[in-house]
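Following: one structure in structure tokens, then a few remarks.
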Amino acid sequence: MSRLYEPRGPWLALETVAAWLLGILWILPLAYAVWTAFHPSEYSARFEILAPLTLENFVRAWEAAPFARYFLNSFALVTMVLSCQLVLCTLAAYAFARFEFPGKDIAFILVLVQLMIMPDVLIVENYRTMWRLGILDSIPAIGLPYIASAFGIFLLRQTFKTVPKELDEAARVEGAGPLAVLLKVYVPLAKPVYLAYGLVSVSYHWNNFLWPLIVTNSVGSRPVTVGLQVFSSGDQGIDWSIITAATLMTSAPLLVGFLLFQRQFVQSFMRAGIR
Amino acid sequence: MRLGAINAVTGWLLVLPAAALLALFTHFPVVATIIDSFYATSRAGKPGPFVGLENYHVMVADEVFWKSLWNNVWYSLGTIPLSIGLALVMALWVNSAMRGRTWLRVAFFTPTILPMIAVANIWLFFYTPQYGLLEKFTTGLGFATHNWLGTESTALACVMVVAIWKDAGFFMIFYLAALQSIPPSLAEAAALEGAPRSYYLRRIVLPLLMPTTLFVLVNAVINSFRLVDHIVVMTRGGPNNATSLLLFHIYQVGFSFWDTGYAAALTLVLLAILAAAAIGQFVFLDKKVHYQ
């Protein structure tokens with residue numbers, strides 16, 4: 001948008017104040033959580049500048065539940081889902097972008113169905129499927145329904161379609177097969193899109209809760225979100241300082257990553273949103 | 001001819017892995033949901049008998065189902081317009097030359113990358129009777145103490161605030177992308193004609209944002225029926241089902257009462273709603289949006 005229609009004079013002042021108030025309001029709940037987590041529990045709702053800082057709450061939360069294992073599980077889950085998604089979506093997107101095969105249009109519509117009907121709402125039937133496969137309470141069971149991602153296929157297809165056909169043909173003339181062309185021509189040109197999709201996927205699966213809650217049942221397979229819920233609804237009583245510390249801990253990898261690379265994060269989410 | 005055949009085979013081979021998983025975890029469950037909704041819940045490994053419309057009779061008589069459905073309607077109506085409106089305002093501000101706009105962008109977007117369950121925990125503490133920040137504030141102003149999440153009349157509104165807080169910054173991103181793609185020449189032309197700012201925003205920017213608004217709207221509708229993490233953490237549907245949403249009811253029927261036949265019937269209602277949203281999007285895309 002052009003700078004011509006920026007607010008001016010008193011309007012600018014008014015809008016700036018309003019924007020700042022909204023910004024403060026928006027950050028307040030998180031700031032409150034940070035305050036509670038880093039101070040002894042008697043200060044959890046008493047705000048004094050000189051209140052002593054402490055890491056005690058984090059230490060106690062870490063020791064009270066197997067968070068190290070939960071983090072490992074989440075890490076394994078996110079890695080497995082993303083790497084499988086990248087391979088499967090790349091192959092499918094390549095086919096939809098550059099190959100003619102019978103049933104292509106119908107197949108593509110069937111892919112797009114998943115944009116509306118996500119695995120999140122098919123919990124009952126997918127649970128039965130996992131039971132039949134005998135993999136309940138395992139990390140693959142959490143990730144499998146999400147691996148063939150319609151969003152990823154769609155996003156990459158759009159990107160591959162913008163690759164000039166001449167590049168494709170030039171590589172083929174040199175004798176490259178379809179897979180070599182994909183790896184040498186298409187994938188390198190789609191790097192920013194891969195980064196964008198990767199960030200969106202990682203944050204989605206790190207944060208996902210209901211389906212993992214349903215399919216997992218033990219420490220060995222629970223991701224951090226489910227671990228946090230088990231921890232905070234357990235026998236901790238209501239020591240909010242510790243629960244808040246645990247809450248921040250589980251969000252920390254994404255939160256820290258976002259604060260460090262916020263421009264890339266925002267641009268990635270923007271890129272993934274433009275279709 | 002030979003080349004065409006090779007192309008067709010290669011194409012199918014490339015699609016096959018993704019298609020197989022999609023079929024197994026998206027298409028098959030949809031079909032199975034329809035079939036299972038006509039059968040009783042299987043017990044002890046034996047498939048349940050065919051019961052016709054029995055599950056649907058149960059549904060019509062199920063007060064919690066109706067309550068959840070209406071809650072979900074109110075929840076959608078309450079959260080979607082507000083979060084989209086806020087998102088638009090946020091995007092306009094963040095996109096301007098305003099002082100501190102980088103900081104504002106971080107503030108607005110941060111809730112989006114937090115897990116919903118972490119968000120729910122933070123807000124649960126915020127709403128806690130007597131100890132929470134909200135209570136400190138209201139009792140400090142002289143109001144009587146009030147159990148915000150524990151009272152039927154306020155619980156759903158409290159949950160809606162959480163959803164708005166989390167979603168607005170996410171939707172802002174899409175508006176931001178759209179705003180940045182508006183060619184500056186339009187503003188120059190409008191300025192040349194002497195159009196005031198309100199006119200420029202209302203008659204030029206807003207229509208150009210229509211495709212984005214539609215996209216965000218459909219996503220928001222899907223989200224409001226798909227995401228119940230905060231319900232599980234904050235209220236478990238209570239008090240007296242005041243915050244039970246449709247998917248949460250499905251979760252309870254399916255995994256607390258293990259009545260999968262009935263849960264399948266409930267899921268079908270949810271699928272019908274999502275399908276309606278999808279069809280609505282196509283119809284609207286043809287009619288209302290001219291700027292694709």
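We name chains A, B, ... following the order of the structure tokens; residues begin at 1 in each chain, and ligands are numbered from 1 as shown.
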
Discussion item. Which residues are near stretch 260-275 of chain A? Cut-off 12 Å, only C-alpha atoms, ignore same chain within fewer than 5 positions. Put them as a PyMOL selection string.
Written reply: (chain A and resi 151-159+190-204+252-255) or (chain B and resi 94+102-110+112-113+169-181+211-212+215-216+219+292)

Fill in: Selection near B:Asp229, 7 Å with only C-alpha atoms, sequence-local residues under 6 positions removed, as a ChimeraX atom specification
/A:209-210 /B:116-117

Pull N, CA and C atoms from the residues just selected and write them as a short mmCIF file (atom, residue, chain, number, x, y, z; two decimals), in the first residue's frame.
data_model
loop_
_atom_site.label_atom_id
_atom_site.label_comp_id
_atom_site.auth_asym_id
_atom_site.auth_seq_id
_atom_site.Cartn_x
_atom_site.Cartn_y
_atom_site.Cartn_z
N PHE A 209 -2.66 -31.35 19.72
CA PHE A 209 -2.97 -31.88 21.04
C PHE A 209 -4.02 -32.99 21.06
N LEU A 210 -5.19 -32.75 20.46
CA LEU A 210 -6.31 -33.67 20.70
C LEU A 210 -6.03 -35.08 20.18
N MET B 116 -2.08 -24.33 21.51
CA MET B 116 -3.35 -23.96 22.11
C MET B 116 -3.44 -24.41 23.56
N ILE B 117 -2.83 -25.54 23.87
CA ILE B 117 -2.91 -26.04 25.24
C ILE B 117 -2.12 -25.15 26.20
#

All residues 9 Å or closer to stretch 55-70 of chain A, only C-alpha atoms, same chain fewer than 3 positions away omitted, as a PDB file with C-alpha atoms, in the first residue's frame:
ATOM      1  CA  ALA A  37       7.138 -18.566  36.019  1.00  0.00           C
ATOM      2  CA  PHE A  38      10.236 -16.587  36.964  1.00  0.00           C
ATOM      3  CA  HIS A  39       9.174 -15.548  40.452  1.00  0.00           C
ATOM      4  CA  PRO A  40       8.523 -17.486  43.681  1.00  0.00           C
ATOM      5  CA  SER A  41       4.864 -18.489  43.992  1.00  0.00           C
ATOM      6  CA  ASN A  73       9.015 -37.714  21.527  1.00  0.00           C
ATOM      7  CA  SER A  74       7.853 -34.384  20.117  1.00  0.00           C
ATOM      8  CA  PHE A  75      11.150 -33.954  18.350  1.00  0.00           C
ATOM      9  CA  VAL A 219       5.317 -41.727  28.658  1.00  0.00           C
ATOM     10  CA  GLY A 220       7.158 -43.427  25.801  1.00  0.00           C
ATOM     11  CA  SER A 221       4.995 -41.892  23.080  1.00  0.00           C
ATOM     12  CA  ARG A 222       3.401 -38.735  24.484  1.00  0.00           C
ATOM     13  CA  PRO A 223       4.431 -35.444  22.879  1.00  0.00           C
ATOM     14  CA  VAL A 224       5.048 -32.388  25.104  1.00  0.00           C
ATOM     15  CA  THR A 225       1.544 -30.976  24.691  1.00  0.00           C
ATOM     16  CA  VAL A 226      -0.047 -34.139  26.051  1.00  0.00           C
ATOM     17  CA  GLY A 227       2.681 -34.454  28.675  1.00  0.00           C
ATOM     18  CA  LEU A 228       1.931 -30.928  29.840  1.00  0.00           C
ATOM     19  CA  PHE A 231       1.254 -32.981  34.317  1.00  0.00           C
ATOM     20  CA  GLN A 236       0.204 -30.942  41.151  1.00  0.00           C
ATOM     21  CA  SER A 241       4.042 -21.049  39.267  1.00  0.00           C
ATOM     22  CA  ILE A 242       5.195 -24.558  38.405  1.00  0.00           C
ATOM     23  CA  ILE A 243       2.422 -25.184  35.885  1.00  0.00           C
ATOM     24  CA  THR A 244       3.169 -21.881  34.183  1.00  0.00           C
ATOM     25  CA  ALA A 245       6.876 -22.711  34.103  1.00  0.00           C
ATOM     26  CA  ALA A 246       6.065 -26.064  32.470  1.00  0.00           C
ATOM     27  CA  MET A 249       8.966 -24.721  28.733  1.00  0.00           C
ATOM     28  CA  THR A 250       6.835 -26.665  26.237  1.00  0.00           C
TER      29      THR A 250
END

Discussion item. Given only C-alpha atoms as the basis, pick out the residue of A:Thr54, A:Thr162, A:Thr36, A:Ser218 nearest to chain B.
Written reply: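 Ranked by minimum distance to chain B, first place goes to A:Thr36.
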
Item to complete: For chain A, list the residues within 6 Å of chain B, counting only C-alpha atoms, and write the list as a PyMOL selection string.
Response: chain A and resi 1-2+5+23+27+88+91-92+95+99-101+125+145+148+207+247+251+270

Assign secondary structure with DSSP using the backbone only, and return the residues of stretch 68-273 of chain B in helix (DSSP H, G or I) as a PDB file with C-alpha atoms, in the first residue's frame.
ATOM      1  CA  SER B  68     -23.030 -28.446  21.778  1.00  0.00           C
ATOM      2  CA  LEU B  69     -24.284 -27.603  18.307  1.00  0.00           C
ATOM      3  CA  TRP B  70     -25.780 -24.314  19.447  1.00  0.00           C
ATOM      4  CA  ASN B  71     -22.722 -23.528  21.536  1.00  0.00           C
ATOM      5  CA  ASN B  72     -20.640 -24.090  18.440  1.00  0.00           C
ATOM      6  CA  VAL B  73     -22.860 -21.797  16.369  1.00  0.00           C
ATOM      7  CA  TRP B  74     -22.573 -19.042  18.983  1.00  0.00           C
ATOM      8  CA  TYR B  75     -18.881 -19.705  19.352  1.00  0.00           C
ATOM      9  CA  SER B  76     -18.367 -19.312  15.585  1.00  0.00           C
ATOM     10  CA  LEU B  77     -20.574 -16.245  15.335  1.00  0.00           C
ATOM     11  CA  GLY B  78     -18.825 -14.675  18.305  1.00  0.00           C
ATOM     12  CA  THR B  79     -15.227 -15.407  17.423  1.00  0.00           C
ATOM     13  CA  ILE B  80     -15.055 -15.211  13.618  1.00  0.00           C
ATOM     14  CA  PRO B  81     -16.249 -11.645  12.873  1.00  0.00           C
ATOM     15  CA  LEU B  82     -14.312 -10.223  15.816  1.00  0.00           C
ATOM     16  CA  SER B  83     -11.037 -11.960  15.042  1.00  0.00           C
ATOM     17  CA  ILE B  84     -11.275 -11.130  11.328  1.00  0.00           C
ATOM     18  CA  GLY B  85     -12.104  -7.483  12.078  1.00  0.00           C
ATOM     19  CA  LEU B  86      -9.238  -7.229  14.541  1.00  0.00           C
ATOM     20  CA  ALA B  87      -6.925  -8.952  12.076  1.00  0.00           C
ATOM     21  CA  LEU B  88      -7.718  -6.371   9.408  1.00  0.00           C
ATOM     22  CA  VAL B  89      -7.098  -3.456  11.768  1.00  0.00           C
ATOM     23  CA  MET B  90      -3.883  -5.043  13.019  1.00  0.00           C
ATOM     24  CA  ALA B  91      -2.667  -5.577   9.458  1.00  0.00           C
ATOM     25  CA  LEU B  92      -3.385  -1.964   8.501  1.00  0.00           C
ATOM     26  CA  TRP B  93      -1.436  -0.761  11.520  1.00  0.00           C
ATOM     27  CA  VAL B  94       1.485  -3.117  11.114  1.00  0.00           C
ATOM     28  CA  ASN B  95       1.661  -2.263   7.416  1.00  0.00           C
ATOM     29  CA  ARG B 101       5.325  -1.432  14.091  1.00  0.00           C
ATOM     30  CA  THR B 102       7.894  -4.249  14.278  1.00  0.00           C
ATOM     31  CA  TRP B 103       7.189  -4.599  17.964  1.00  0.00           C
ATOM     32  CA  LEU B 104       3.449  -4.566  17.293  1.00  0.00           C
ATOM     33  CA  ARG B 105       3.799  -7.310  14.695  1.00  0.00           C
ATOM     34  CA  VAL B 106       5.592  -9.506  17.220  1.00  0.00           C
ATOM     35  CA  ALA B 107       2.965  -8.771  19.881  1.00  0.00           C
ATOM     36  CA  PHE B 108       0.059  -9.624  17.591  1.00  0.00           C
ATOM     37  CA  PHE B 109       1.599 -12.713  16.057  1.00  0.00           C
ATOM     38  CA  THR B 110       3.101 -14.384  19.141  1.00  0.00           C
ATOM     39  CA  PRO B 111      -0.132 -16.073  20.359  1.00  0.00           C
ATOM     40  CA  THR B 112      -0.333 -17.850  17.002  1.00  0.00           C
ATOM     41  CA  ILE B 113       2.806 -19.897  17.456  1.00  0.00           C
ATOM     42  CA  MET B 116      -3.354 -23.963  22.107  1.00  0.00           C
ATOM     43  CA  ILE B 117      -2.910 -26.043  25.243  1.00  0.00           C
ATOM     44  CA  ALA B 118      -0.241 -23.663  26.569  1.00  0.00           C
ATOM     45  CA  VAL B 119      -2.491 -20.730  25.746  1.00  0.00           C
ATOM     46  CA  ALA B 120      -5.347 -22.429  27.570  1.00  0.00           C
ATOM     47  CA  ASN B 121      -3.174 -22.975  30.645  1.00  0.00           C
ATOM     48  CA  ILE B 122      -2.133 -19.332  30.732  1.00  0.00           C
ATOM     49  CA  TRP B 123      -5.707 -18.126  30.410  1.00  0.00           C
ATOM     50  CA  LEU B 124      -6.943 -20.681  32.926  1.00  0.00           C
ATOM     51  CA  PHE B 125      -4.695 -19.032  35.474  1.00  0.00           C
ATOM     52  CA  PHE B 126      -5.835 -15.602  34.290  1.00  0.00           C
ATOM     53  CA  TYR B 127      -9.476 -16.556  34.973  1.00  0.00           C
ATOM     54  CA  LEU B 133      -5.233 -11.532  37.323  1.00  0.00           C
ATOM     55  CA  LEU B 134      -8.775 -10.864  36.153  1.00  0.00           C
ATOM     56  CA  GLU B 135     -10.163 -11.302  39.661  1.00  0.00           C
ATOM     57  CA  LYS B 136      -7.424  -9.127  41.166  1.00  0.00           C
ATOM     58  CA  PHE B 137      -8.414  -6.465  38.698  1.00  0.00           C
ATOM     59  CA  THR B 138     -12.196  -6.656  39.099  1.00  0.00           C
ATOM     60  CA  THR B 139     -12.182  -7.010  42.891  1.00  0.00           C
ATOM     61  CA  GLY B 140      -9.686  -4.159  43.001  1.00  0.00           C
ATOM     62  CA  GLU B 152     -22.797 -20.993  32.888  1.00  0.00           C
ATOM     63  CA  SER B 153     -23.481 -17.470  31.706  1.00  0.00           C
ATOM     64  CA  THR B 154     -19.857 -16.376  31.301  1.00  0.00           C
ATOM     65  CA  ALA B 155     -17.896 -19.579  30.551  1.00  0.00           C
ATOM     66  CA  LEU B 156     -18.474 -19.687  26.785  1.00  0.00           C
ATOM     67  CA  ALA B 157     -17.610 -16.002  26.406  1.00  0.00           C
ATOM     68  CA  CYS B 158     -14.352 -16.562  28.325  1.00  0.00           C
ATOM     69  CA  VAL B 159     -13.404 -19.404  25.996  1.00  0.00           C
ATOM     70  CA  MET B 160     -14.260 -17.253  22.984  1.00  0.00           C
ATOM     71  CA  VAL B 161     -11.906 -14.515  24.176  1.00  0.00           C
ATOM     72  CA  VAL B 162      -9.082 -17.044  24.191  1.00  0.00           C
ATOM     73  CA  ALA B 163      -9.841 -18.113  20.617  1.00  0.00           C
ATOM     74  CA  ILE B 164      -9.978 -14.516  19.400  1.00  0.00           C
ATOM     75  CA  TRP B 165      -6.689 -13.748  21.116  1.00  0.00           C
ATOM     76  CA  LYS B 166      -5.014 -16.686  19.427  1.00  0.00           C
ATOM     77  CA  ASP B 167      -6.538 -16.350  15.942  1.00  0.00           C
ATOM     78  CA  ALA B 168      -6.500 -12.617  15.207  1.00  0.00           C
ATOM     79  CA  GLY B 169      -2.720 -12.457  14.778  1.00  0.00           C
ATOM     80  CA  PHE B 170      -2.793 -15.491  12.481  1.00  0.00           C
ATOM     81  CA  PHE B 171      -5.415 -13.953  10.193  1.00  0.00           C
ATOM     82  CA  MET B 172      -3.495 -10.663  10.282  1.00  0.00           C
ATOM     83  CA  ILE B 173      -0.699 -12.364   8.333  1.00  0.00           C
ATOM     84  CA  PHE B 174      -2.972 -13.068   5.361  1.00  0.00           C
ATOM     85  CA  TYR B 175      -4.224  -9.487   5.277  1.00  0.00           C
ATOM     86  CA  LEU B 176      -0.667  -8.250   5.560  1.00  0.00           C
ATOM     87  CA  ALA B 177       0.343 -10.295   2.532  1.00  0.00           C
ATOM     88  CA  ALA B 178      -2.666  -9.004   0.592  1.00  0.00           C
ATOM     89  CA  LEU B 179      -2.034  -5.369   1.556  1.00  0.00           C
ATOM     90  CA  GLN B 180       1.544  -5.579   0.393  1.00  0.00           C
ATOM     91  CA  PRO B 184       0.917   1.733  -5.181  1.00  0.00           C
ATOM     92  CA  SER B 185      -0.366   3.186  -8.445  1.00  0.00           C
ATOM     93  CA  LEU B 186      -3.928   2.726  -7.171  1.00  0.00           C
ATOM     94  CA  ALA B 187      -3.286   5.018  -4.200  1.00  0.00           C
ATOM     95  CA  GLU B 188      -1.571   7.523  -6.468  1.00  0.00           C
ATOM     96  CA  ALA B 189      -4.539   7.555  -8.820  1.00  0.00           C
ATOM     97  CA  ALA B 190      -6.969   7.931  -5.916  1.00  0.00           C
ATOM     98  CA  ALA B 191      -4.902  10.772  -4.468  1.00  0.00           C
ATOM     99  CA  LEU B 192      -4.863  12.483  -7.849  1.00  0.00           C
ATOM    100  CA  ARG B 197      -8.548   8.281   3.171  1.00  0.00           C
ATOM    101  CA  SER B 198     -11.851   6.809   4.311  1.00  0.00           C
ATOM    102  CA  TYR B 199     -12.955   6.536   0.683  1.00  0.00           C
ATOM    103  CA  TYR B 200      -9.686   4.959  -0.357  1.00  0.00           C
ATOM    104  CA  LEU B 201      -9.884   2.345   2.405  1.00  0.00           C
ATOM    105  CA  ARG B 202     -13.558   1.575   1.885  1.00  0.00           C
ATOM    106  CA  ARG B 203     -13.835   1.600  -1.895  1.00  0.00           C
ATOM    107  CA  ILE B 204     -10.384   0.461  -3.004  1.00  0.00           C
ATOM    108  CA  VAL B 205      -8.568  -1.456  -0.272  1.00  0.00           C
ATOM    109  CA  LEU B 206     -11.537  -3.357   1.132  1.00  0.00           C
ATOM    110  CA  PRO B 207     -12.778  -4.714  -2.229  1.00  0.00           C
ATOM    111  CA  LEU B 208      -9.236  -5.745  -3.122  1.00  0.00           C
ATOM    112  CA  MET B 210     -12.274  -9.628  -0.606  1.00  0.00           C
ATOM    113  CA  PRO B 211     -10.524 -12.831  -1.775  1.00  0.00           C
ATOM    114  CA  THR B 212      -8.393 -12.757   1.382  1.00  0.00           C
ATOM    115  CA  THR B 213     -11.441 -12.189   3.555  1.00  0.00           C
ATOM    116  CA  LEU B 214     -13.184 -15.149   1.960  1.00  0.00           C
ATOM    117  CA  PHE B 215     -10.131 -17.348   2.400  1.00  0.00           C
ATOM    118  CA  VAL B 216      -9.747 -16.312   6.024  1.00  0.00           C
ATOM    119  CA  LEU B 217     -13.460 -16.738   6.636  1.00  0.00           C
ATOM    120  CA  VAL B 218     -13.506 -20.328   5.393  1.00  0.00           C
ATOM    121  CA  ASN B 219     -10.415 -21.118   7.448  1.00  0.00           C
ATOM    122  CA  ALA B 220     -11.972 -19.525  10.501  1.00  0.00           C
ATOM    123  CA  VAL B 221     -15.155 -21.570  10.109  1.00  0.00           C
ATOM    124  CA  ILE B 222     -13.151 -24.782   9.784  1.00  0.00           C
ATOM    125  CA  ASN B 223     -11.017 -23.805  12.789  1.00  0.00           C
ATOM    126  CA  SER B 224     -14.019 -23.093  14.971  1.00  0.00           C
ATOM    127  CA  PHE B 225     -15.286 -26.640  14.397  1.00  0.00           C
ATOM    128  CA  ARG B 226     -11.907 -28.350  14.398  1.00  0.00           C
ATOM    129  CA  ASP B 229      -7.911 -28.211  22.759  1.00  0.00           C
ATOM    130  CA  HIS B 230      -8.750 -25.250  24.972  1.00  0.00           C
ATOM    131  CA  ILE B 231     -12.092 -26.790  25.937  1.00  0.00           C
ATOM    132  CA  VAL B 232     -10.347 -29.963  27.095  1.00  0.00           C
ATOM    133  CA  VAL B 233      -7.946 -27.945  29.247  1.00  0.00           C
ATOM    134  CA  MET B 234     -10.096 -25.104  30.536  1.00  0.00           C
ATOM    135  CA  LEU B 246     -19.462 -30.341  18.680  1.00  0.00           C
ATOM    136  CA  LEU B 247     -16.045 -31.959  18.338  1.00  0.00           C
ATOM    137  CA  PHE B 248     -15.638 -32.011  22.094  1.00  0.00           C
ATOM    138  CA  HIS B 249     -18.953 -33.874  22.390  1.00  0.00           C
ATOM    139  CA  ILE B 250     -17.732 -36.346  19.753  1.00  0.00           C
ATOM    140  CA  TYR B 251     -14.530 -36.782  21.752  1.00  0.00           C
ATOM    141  CA  GLN B 252     -16.502 -37.471  24.922  1.00  0.00           C
ATOM    142  CA  VAL B 253     -18.937 -39.891  23.295  1.00  0.00           C
ATOM    143  CA  GLY B 254     -16.166 -41.658  21.405  1.00  0.00           C
ATOM    144  CA  PHE B 255     -13.437 -41.803  24.017  1.00  0.00           C
ATOM    145  CA  THR B 260     -18.292 -45.321  18.553  1.00  0.00           C
ATOM    146  CA  GLY B 261     -21.521 -45.983  16.628  1.00  0.00           C
ATOM    147  CA  TYR B 262     -23.144 -42.886  18.021  1.00  0.00           C
ATOM    148  CA  ALA B 263     -19.878 -40.944  17.728  1.00  0.00           C
ATOM    149  CA  ALA B 264     -19.865 -41.809  14.005  1.00  0.00           C
ATOM    150  CA  ALA B 265     -23.356 -40.344  13.602  1.00  0.00           C
ATOM    151  CA  LEU B 266     -22.200 -37.178  15.394  1.00  0.00           C
ATOM    152  CA  THR B 267     -19.093 -36.999  13.208  1.00  0.00           C
ATOM    153  CA  LEU B 268     -21.310 -37.109  10.129  1.00  0.00           C
ATOM    154  CA  VAL B 269     -23.035 -33.914  11.287  1.00  0.00           C
ATOM    155  CA  LEU B 270     -19.639 -32.262  11.658  1.00  0.00           C
ATOM    156  CA  LEU B 271     -18.589 -33.472   8.191  1.00  0.00           C
ATOM    157  CA  ALA B 272     -21.826 -32.096   6.737  1.00  0.00           C
ATOM    158  CA  ILE B 273     -21.066 -28.683   8.255  1.00  0.00           C
TER     159      ILE B 273
END
